[in-house]
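Reproduced below: upload23.txt, with compact mmCIF, N, CA and C atoms.
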# COMPACT_ATOMS: atom_id res chain seq x y z
N PHE A 28 0.84 -1.18 0.00
CA PHE A 28 0.00 0.00 0.00
C PHE A 28 0.88 1.24 0.00
N GLU A 29 0.44 2.23 -0.73
CA GLU A 29 1.12 3.51 -0.76
C GLU A 29 0.04 4.58 -0.85
N ASP A 30 -0.01 5.46 0.11
CA ASP A 30 -1.08 6.47 0.18
C ASP A 30 -2.45 5.80 0.18
N ARG A 31 -2.58 4.70 0.94
CA ARG A 31 -3.81 3.92 1.08
C ARG A 31 -4.32 3.36 -0.25
N VAL A 32 -3.41 3.18 -1.20
CA VAL A 32 -3.76 2.59 -2.49
C VAL A 32 -2.89 1.34 -2.67
N LEU A 33 -3.53 0.22 -2.98
CA LEU A 33 -2.79 -1.01 -3.23
C LEU A 33 -2.13 -0.92 -4.59
N LYS A 34 -0.80 -1.03 -4.62
CA LYS A 34 -0.07 -0.99 -5.88
C LYS A 34 0.55 -2.35 -6.13
N ILE A 35 0.34 -2.87 -7.33
CA ILE A 35 0.80 -4.21 -7.67
C ILE A 35 1.56 -4.14 -8.99
N ASP A 36 2.67 -4.86 -9.04
CA ASP A 36 3.44 -5.00 -10.27
C ASP A 36 4.25 -6.29 -10.13
N THR A 37 4.89 -6.69 -11.20
CA THR A 37 5.68 -7.91 -11.17
C THR A 37 7.04 -7.67 -10.53
N VAL A 38 7.64 -8.75 -10.06
CA VAL A 38 9.02 -8.76 -9.61
C VAL A 38 9.70 -9.79 -10.48
N ARG A 39 10.73 -9.39 -11.20
CA ARG A 39 11.42 -10.30 -12.12
C ARG A 39 12.76 -10.72 -11.53
N VAL A 40 12.96 -12.03 -11.47
CA VAL A 40 14.19 -12.59 -10.91
C VAL A 40 14.91 -13.32 -12.03
N GLY A 41 16.14 -12.90 -12.32
CA GLY A 41 16.93 -13.49 -13.39
C GLY A 41 17.40 -14.89 -13.06
N ARG A 42 17.81 -15.58 -14.09
CA ARG A 42 18.30 -16.96 -13.99
C ARG A 42 19.51 -17.05 -13.05
N HIS A 43 19.52 -18.07 -12.22
CA HIS A 43 20.60 -18.36 -11.27
C HIS A 43 20.80 -17.26 -10.23
N SER A 44 19.78 -16.48 -9.96
CA SER A 44 19.86 -15.45 -8.92
C SER A 44 19.38 -16.03 -7.59
N THR A 45 19.84 -15.43 -6.50
CA THR A 45 19.47 -15.89 -5.18
C THR A 45 19.03 -14.71 -4.34
N LEU A 46 17.85 -14.86 -3.72
CA LEU A 46 17.37 -13.87 -2.76
C LEU A 46 17.41 -14.54 -1.40
N GLY A 47 18.19 -13.98 -0.48
CA GLY A 47 18.35 -14.56 0.85
C GLY A 47 17.04 -14.54 1.63
N ALA A 48 16.99 -15.35 2.67
CA ALA A 48 15.80 -15.44 3.52
C ALA A 48 15.45 -14.07 4.09
N GLY A 49 14.18 -13.75 4.06
CA GLY A 49 13.72 -12.50 4.63
C GLY A 49 13.92 -11.29 3.73
N THR A 50 14.39 -11.50 2.51
CA THR A 50 14.55 -10.39 1.57
C THR A 50 13.18 -9.95 1.08
N VAL A 51 12.99 -8.63 0.98
CA VAL A 51 11.70 -8.09 0.54
C VAL A 51 11.90 -7.33 -0.77
N PRO A 52 11.46 -7.93 -1.89
CA PRO A 52 11.50 -7.20 -3.16
C PRO A 52 10.18 -6.44 -3.34
N LEU A 53 10.23 -5.15 -3.47
CA LEU A 53 9.01 -4.37 -3.66
C LEU A 53 8.60 -4.39 -5.13
N TYR A 54 7.38 -3.96 -5.40
CA TYR A 54 6.80 -4.08 -6.74
C TYR A 54 7.66 -3.40 -7.80
N GLY A 55 7.74 -4.06 -8.97
CA GLY A 55 8.47 -3.52 -10.10
C GLY A 55 9.97 -3.78 -10.07
N ALA A 56 10.47 -4.47 -9.05
CA ALA A 56 11.91 -4.73 -8.94
C ALA A 56 12.34 -5.73 -10.01
N GLU A 57 13.56 -5.55 -10.51
CA GLU A 57 14.15 -6.48 -11.47
C GLU A 57 15.51 -6.89 -10.96
N ILE A 58 15.70 -8.20 -10.81
CA ILE A 58 16.96 -8.75 -10.31
C ILE A 58 17.65 -9.45 -11.47
N GLY A 59 18.84 -9.00 -11.81
CA GLY A 59 19.57 -9.55 -12.96
C GLY A 59 20.05 -10.97 -12.73
N ALA A 60 20.48 -11.60 -13.81
CA ALA A 60 20.97 -12.98 -13.77
C ALA A 60 22.20 -13.09 -12.87
N THR A 61 22.33 -14.20 -12.19
CA THR A 61 23.44 -14.53 -11.29
C THR A 61 23.68 -13.47 -10.22
N THR A 62 22.64 -12.78 -9.82
CA THR A 62 22.74 -11.78 -8.75
C THR A 62 22.46 -12.46 -7.41
N PHE A 63 23.16 -12.05 -6.37
CA PHE A 63 22.92 -12.57 -5.03
C PHE A 63 22.51 -11.41 -4.14
N VAL A 64 21.37 -11.56 -3.47
CA VAL A 64 20.89 -10.55 -2.53
C VAL A 64 20.94 -11.17 -1.13
N ALA A 65 21.66 -10.51 -0.22
CA ALA A 65 21.86 -11.02 1.14
C ALA A 65 20.54 -11.09 1.90
N PRO A 66 20.47 -11.96 2.90
CA PRO A 66 19.25 -12.05 3.72
C PRO A 66 18.88 -10.72 4.36
N HIS A 67 17.57 -10.52 4.55
CA HIS A 67 17.01 -9.35 5.22
C HIS A 67 17.27 -8.04 4.48
N SER A 68 17.43 -8.11 3.17
CA SER A 68 17.62 -6.90 2.36
C SER A 68 16.27 -6.42 1.84
N VAL A 69 16.20 -5.16 1.45
CA VAL A 69 14.98 -4.60 0.86
C VAL A 69 15.33 -4.05 -0.51
N ILE A 70 14.68 -4.61 -1.53
CA ILE A 70 14.87 -4.13 -2.91
C ILE A 70 13.74 -3.14 -3.17
N MET A 71 14.10 -1.90 -3.41
CA MET A 71 13.12 -0.83 -3.54
C MET A 71 12.28 -0.97 -4.81
N LYS A 72 11.12 -0.30 -4.83
CA LYS A 72 10.22 -0.38 -5.98
C LYS A 72 10.92 0.12 -7.24
N ARG A 73 10.70 -0.63 -8.31
CA ARG A 73 11.26 -0.35 -9.63
C ARG A 73 12.79 -0.30 -9.67
N GLU A 74 13.44 -0.88 -8.67
CA GLU A 74 14.90 -0.91 -8.66
C GLU A 74 15.39 -2.03 -9.57
N MET A 75 16.48 -1.78 -10.29
CA MET A 75 17.07 -2.77 -11.18
C MET A 75 18.44 -3.16 -10.62
N LEU A 76 18.57 -4.41 -10.21
CA LEU A 76 19.85 -4.91 -9.71
C LEU A 76 20.62 -5.51 -10.88
N LEU A 77 21.84 -5.07 -11.06
CA LEU A 77 22.65 -5.50 -12.20
C LEU A 77 23.09 -6.95 -12.06
N PRO A 78 23.25 -7.64 -13.19
CA PRO A 78 23.65 -9.05 -13.16
C PRO A 78 25.05 -9.24 -12.57
N GLY A 79 25.22 -10.37 -11.87
CA GLY A 79 26.53 -10.79 -11.41
C GLY A 79 27.08 -10.03 -10.22
N LEU A 80 26.24 -9.29 -9.50
CA LEU A 80 26.72 -8.54 -8.35
C LEU A 80 26.10 -9.05 -7.06
N TYR A 81 26.78 -8.76 -5.96
CA TYR A 81 26.31 -9.11 -4.62
C TYR A 81 25.71 -7.84 -4.00
N TYR A 82 24.47 -7.95 -3.52
CA TYR A 82 23.78 -6.80 -2.92
C TYR A 82 23.40 -7.13 -1.49
N GLU A 83 23.36 -6.07 -0.65
CA GLU A 83 22.88 -6.24 0.72
C GLU A 83 22.38 -4.91 1.24
N GLY A 84 21.56 -4.96 2.28
CA GLY A 84 21.12 -3.76 2.97
C GLY A 84 19.68 -3.38 2.70
N ALA A 85 19.26 -2.32 3.40
CA ALA A 85 17.90 -1.80 3.25
C ALA A 85 18.01 -0.28 3.16
N PRO A 86 17.97 0.28 1.98
CA PRO A 86 17.82 -0.35 0.67
C PRO A 86 19.11 -1.05 0.22
N THR A 87 18.98 -1.90 -0.77
CA THR A 87 20.13 -2.68 -1.23
C THR A 87 21.19 -1.79 -1.86
N ARG A 88 22.44 -2.23 -1.67
CA ARG A 88 23.58 -1.56 -2.29
C ARG A 88 24.53 -2.65 -2.78
N ALA A 89 25.17 -2.42 -3.92
CA ALA A 89 26.12 -3.39 -4.47
C ALA A 89 27.36 -3.43 -3.60
N LYS A 90 27.83 -4.64 -3.30
CA LYS A 90 29.01 -4.83 -2.45
C LYS A 90 30.14 -5.55 -3.17
N GLY A 91 29.92 -6.02 -4.39
CA GLY A 91 30.98 -6.72 -5.13
C GLY A 91 30.40 -7.67 -6.15
N GLU A 92 31.29 -8.45 -6.77
CA GLU A 92 30.88 -9.39 -7.80
C GLU A 92 30.69 -10.78 -7.21
N VAL A 93 29.74 -11.54 -7.78
CA VAL A 93 29.51 -12.91 -7.31
C VAL A 93 29.82 -13.95 -8.37
N VAL A 94 30.12 -13.54 -9.57
CA VAL A 94 30.33 -14.50 -10.66
C VAL A 94 31.45 -15.46 -10.31
N ARG A 95 32.54 -14.95 -9.77
CA ARG A 95 33.66 -15.81 -9.41
C ARG A 95 33.26 -16.80 -8.33
N GLN A 96 32.49 -16.35 -7.35
CA GLN A 96 32.06 -17.23 -6.28
C GLN A 96 31.18 -18.35 -6.82
N ILE A 97 30.28 -18.03 -7.74
CA ILE A 97 29.41 -19.05 -8.33
C ILE A 97 30.23 -20.05 -9.12
N GLN A 98 31.21 -19.57 -9.88
CA GLN A 98 32.06 -20.48 -10.65
C GLN A 98 32.82 -21.44 -9.72
N GLU A 99 33.31 -20.92 -8.58
CA GLU A 99 34.02 -21.76 -7.63
C GLU A 99 33.09 -22.82 -7.04
N VAL A 100 31.87 -22.45 -6.71
CA VAL A 100 30.90 -23.41 -6.18
C VAL A 100 30.60 -24.48 -7.21
N ASP A 101 30.41 -24.07 -8.48
CA ASP A 101 30.14 -25.04 -9.54
C ASP A 101 31.31 -26.01 -9.70
N GLU A 102 32.54 -25.49 -9.65
CA GLU A 102 33.71 -26.35 -9.78
C GLU A 102 33.79 -27.34 -8.62
N ASP A 103 33.52 -26.87 -7.40
CA ASP A 103 33.51 -27.76 -6.23
C ASP A 103 32.43 -28.83 -6.36
N ARG A 104 31.26 -28.43 -6.86
CA ARG A 104 30.16 -29.37 -7.03
C ARG A 104 30.53 -30.44 -8.05
N GLU A 105 31.16 -30.03 -9.16
CA GLU A 105 31.57 -30.99 -10.18
C GLU A 105 32.61 -31.96 -9.62
N ALA A 106 33.57 -31.44 -8.85
CA ALA A 106 34.59 -32.30 -8.26
C ALA A 106 33.97 -33.31 -7.29
N SER A 107 33.01 -32.85 -6.49
CA SER A 107 32.32 -33.75 -5.56
C SER A 107 31.54 -34.82 -6.31
N GLN A 108 30.90 -34.43 -7.39
CA GLN A 108 30.14 -35.38 -8.21
C GLN A 108 31.05 -36.45 -8.78
N LYS A 109 32.22 -36.04 -9.28
CA LYS A 109 33.17 -37.00 -9.84
C LYS A 109 33.69 -37.94 -8.77
N GLN A 110 33.96 -37.42 -7.56
CA GLN A 110 34.41 -38.28 -6.45
C GLN A 110 33.34 -39.30 -6.09
N TRP A 111 32.13 -38.84 -6.02
CA TRP A 111 31.01 -39.72 -5.68
C TRP A 111 30.84 -40.81 -6.73
N GLU A 112 30.90 -40.43 -8.02
CA GLU A 112 30.76 -41.41 -9.10
C GLU A 112 31.90 -42.43 -9.07
N ALA A 113 33.11 -41.97 -8.74
CA ALA A 113 34.26 -42.88 -8.68
C ALA A 113 34.13 -43.87 -7.52
N SER A 114 33.40 -43.49 -6.47
CA SER A 114 33.26 -44.38 -5.31
C SER A 114 32.18 -45.44 -5.49
N LEU A 115 31.38 -45.32 -6.54
CA LEU A 115 30.31 -46.29 -6.78
C LEU A 115 30.89 -47.62 -7.23
N PRO A 116 30.27 -48.74 -6.82
CA PRO A 116 30.79 -50.06 -7.22
C PRO A 116 30.57 -50.34 -8.68
Structure rendered as structure tokens:
Amino acid sequence: FEDRVLKIDTVRVGRHSTLGAGTVPLYGAEIGATTFVAPHSVIMKREMLLPGLYYEGAPTRAKGEVVRQIQEVDEDREASQKQWEASLP
């Protein structure tokens, strides 16, 4: 509600993006691909979060890049998968 009027719009979340627990995206927000939003953050109305960045706060602010972190997690996951497959009889 804003000025006692219910305002509704879409919230768009890009591919491979993560919104932490308790994050509040307000109407019209757009979250780019591979973006990470820290828990308990507030994404303001019609705010556009750029792809591949780490955001936190209320309102959200960019704190750095996450692409490298995602690549490292993917590499670790692949290595774990290969270890698991090698251990199968």
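For the residues A:Thr50, A:Thr61, A:Met71, A:Lys109, ranking by smallest atom-to-atom distance to Thr87 (chain A) using only N, CA and C atoms places A:Met71 first.
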Quick one: everything within 8 Å of Ile70 (chain A), counting all atoms listed in the file, minus sequence neighbours fewer than 3 positions away in the same chain. Send it as a short mmCIF file (atom, residue, chain, number, x, y, z; two decimals) with N, CA and C atoms, in the frame of the given file.
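The new file around_2.cif reads:
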data_model
loop_
_atom_site.label_atom_id
_atom_site.label_comp_id
_atom_site.auth_asym_id
_atom_site.auth_seq_id
_atom_site.Cartn_x
_atom_site.Cartn_y
_atom_site.Cartn_z
N THR A 50 14.39 -11.50 2.51
CA THR A 50 14.55 -10.39 1.57
C THR A 50 13.18 -9.95 1.08
N VAL A 51 12.99 -8.63 0.98
CA VAL A 51 11.70 -8.09 0.54
C VAL A 51 11.90 -7.33 -0.77
N PRO A 52 11.46 -7.93 -1.89
CA PRO A 52 11.50 -7.20 -3.16
C PRO A 52 10.18 -6.44 -3.34
N LEU A 53 10.23 -5.15 -3.47
CA LEU A 53 9.01 -4.37 -3.66
C LEU A 53 8.60 -4.39 -5.13
N TYR A 54 7.38 -3.96 -5.40
CA TYR A 54 6.80 -4.08 -6.74
C TYR A 54 7.66 -3.40 -7.80
N GLY A 55 7.74 -4.06 -8.97
CA GLY A 55 8.47 -3.52 -10.10
C GLY A 55 9.97 -3.78 -10.07
N ALA A 56 10.47 -4.47 -9.05
CA ALA A 56 11.91 -4.73 -8.94
C ALA A 56 12.34 -5.73 -10.01
N GLU A 57 13.56 -5.55 -10.51
CA GLU A 57 14.15 -6.48 -11.47
C GLU A 57 15.51 -6.89 -10.96
N HIS A 67 17.57 -10.52 4.55
CA HIS A 67 17.01 -9.35 5.22
C HIS A 67 17.27 -8.04 4.48
N ARG A 73 10.70 -0.63 -8.31
CA ARG A 73 11.26 -0.35 -9.63
C ARG A 73 12.79 -0.30 -9.67
N GLU A 74 13.44 -0.88 -8.67
CA GLU A 74 14.90 -0.91 -8.66
C GLU A 74 15.39 -2.03 -9.57
N MET A 75 16.48 -1.78 -10.29
CA MET A 75 17.07 -2.77 -11.18
C MET A 75 18.44 -3.16 -10.62
N GLY A 84 21.56 -4.96 2.28
CA GLY A 84 21.12 -3.76 2.97
C GLY A 84 19.68 -3.38 2.70
N ALA A 85 19.26 -2.32 3.40
CA ALA A 85 17.90 -1.80 3.25
C ALA A 85 18.01 -0.28 3.16
N PRO A 86 17.97 0.28 1.98
CA PRO A 86 17.82 -0.35 0.67
C PRO A 86 19.11 -1.05 0.22
N THR A 87 18.98 -1.90 -0.77
CA THR A 87 20.13 -2.68 -1.23
C THR A 87 21.19 -1.79 -1.86
N ARG A 88 22.44 -2.23 -1.67
CA ARG A 88 23.58 -1.56 -2.29
C ARG A 88 24.53 -2.65 -2.78
#
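Taking CA of Pro66 (chain A) as the reference point, CA of Asp36 (chain A) is found at 22.3 Å.
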### Between atom N of Gly41 (chain A) and CA of Gly59 (chain A) - distance in Å to one decimal
4.8 Å
### Task
Return the single residue from A:Gly47, A:Glu92, A:Ala60, A:Lys72 that is closest to Glu29 (chain A), with distances computed using only C-alpha atoms.
A:Lys72
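Checking A:Leu76, A:Leu115, A:Arg31, A:Thr62 one by one against His43 (chain A), counting all atoms listed in the file, you find the shortest gap at A:Thr62.
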### Summary
What separates atom C of Arg42 (chain A) and CA of Val69 (chain A) is a distance of 19.2 Å
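The list of residues within 6 Å of (27.2, -7.5, -2.6), counted using all atoms listed in the file, is Leu80, Tyr81, Tyr82, Glu83, Arg88, Ala89, Lys90, Gly91 and Glu92 of chain A.
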### Task
Check the DSSP output for the backbone and give back, as number ranges by chain, the residues of region 36-109 of chain A in helix (DSSP H, G or I).
A: 94-109
Box time for region 38-49 of chain A: axis-aligned, enclosing all its listed atoms, 3 Å extra on each side; report centre and edge lengths in Å to one decimal, as lines of an AutoDock Vina configuration file.
center_x = 14.2
center_y = -13.6
center_z = -4.7
size_x = 19.2
size_y = 15.6
size_z = 24.7
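All residues of chain A that DSSP, run on the backbone, classes as strand (DSSP E or B) are Glu29, Val32, Arg39, Val40, Thr45, Leu46, Val51, Pro52, Glu57, Ile58, Phe63, Val64, Val69, Ile70, Met75, Leu76, Leu80, Tyr81, Tyr82, Glu83, Arg88, Ala89, Lys90, Gly91 and Glu92 of chain A.
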For region 70-82 of chain A of the structure just presented, write N, CA, C and O atoms to a file, as an mmCIF file, in the first residue's frame.
data_model
loop_
_atom_site.group_PDB
_atom_site.id
_atom_site.type_symbol
_atom_site.label_atom_id
_atom_site.label_comp_id
_atom_site.auth_asym_id
_atom_site.auth_seq_id
_atom_site.Cartn_x
_atom_site.Cartn_y
_atom_site.Cartn_z
ATOM 1 N N ILE A 70 14.683 -4.612 -1.533
ATOM 2 C CA ILE A 70 14.868 -4.131 -2.907
ATOM 3 C C ILE A 70 13.744 -3.135 -3.170
ATOM 4 O O ILE A 70 12.570 -3.491 -3.127
ATOM 5 N N MET A 71 14.102 -1.901 -3.415
ATOM 6 C CA MET A 71 13.119 -0.829 -3.541
ATOM 7 C C MET A 71 12.283 -0.970 -4.813
ATOM 8 O O MET A 71 12.676 -1.646 -5.760
ATOM 9 N N LYS A 72 11.124 -0.299 -4.833
ATOM 10 C CA LYS A 72 10.220 -0.378 -5.981
ATOM 11 C C LYS A 72 10.920 0.118 -7.242
ATOM 12 O O LYS A 72 11.673 1.083 -7.219
ATOM 13 N N ARG A 73 10.701 -0.627 -8.310
ATOM 14 C CA ARG A 73 11.260 -0.351 -9.633
ATOM 15 C C ARG A 73 12.790 -0.297 -9.667
ATOM 16 O O ARG A 73 13.377 0.266 -10.570
ATOM 17 N N GLU A 74 13.441 -0.877 -8.673
ATOM 18 C CA GLU A 74 14.902 -0.914 -8.655
ATOM 19 C C GLU A 74 15.391 -2.026 -9.573
ATOM 20 O O GLU A 74 14.793 -3.099 -9.646
ATOM 21 N N MET A 75 16.478 -1.777 -10.286
ATOM 22 C CA MET A 75 17.071 -2.769 -11.177
ATOM 23 C C MET A 75 18.441 -3.157 -10.624
ATOM 24 O O MET A 75 19.341 -2.317 -10.572
ATOM 25 N N LEU A 76 18.575 -4.412 -10.206
ATOM 26 C CA LEU A 76 19.854 -4.908 -9.708
ATOM 27 C C LEU A 76 20.620 -5.511 -10.881
ATOM 28 O O LEU A 76 20.107 -6.364 -11.597
ATOM 29 N N LEU A 77 21.842 -5.066 -11.060
ATOM 30 C CA LEU A 77 22.649 -5.495 -12.202
ATOM 31 C C LEU A 77 23.091 -6.950 -12.064
ATOM 32 O O LEU A 77 23.299 -7.441 -10.939
ATOM 33 N N PRO A 78 23.251 -7.637 -13.187
ATOM 34 C CA PRO A 78 23.654 -9.046 -13.159
ATOM 35 C C PRO A 78 25.050 -9.242 -12.573
ATOM 36 O O PRO A 78 25.933 -8.411 -12.744
ATOM 37 N N GLY A 79 25.215 -10.375 -11.874
ATOM 38 C CA GLY A 79 26.529 -10.789 -11.413
ATOM 39 C C GLY A 79 27.076 -10.032 -10.219
ATOM 40 O O GLY A 79 28.258 -10.139 -9.925
ATOM 41 N N LEU A 80 26.236 -9.293 -9.503
ATOM 42 C CA LEU A 80 26.721 -8.537 -8.354
ATOM 43 C C LEU A 80 26.097 -9.053 -7.061
ATOM 44 O O LEU A 80 25.043 -9.667 -7.066
ATOM 45 N N TYR A 81 26.777 -8.759 -5.956
ATOM 46 C CA TYR A 81 26.312 -9.105 -4.615
ATOM 47 C C TYR A 81 25.713 -7.843 -4.005
ATOM 48 O O TYR A 81 26.363 -6.792 -3.984
ATOM 49 N N TYR A 82 24.475 -7.947 -3.518
ATOM 50 C CA TYR A 82 23.784 -6.803 -2.922
ATOM 51 C C TYR A 82 23.395 -7.126 -1.492
ATOM 52 O O TYR A 82 23.110 -8.274 -1.154
#
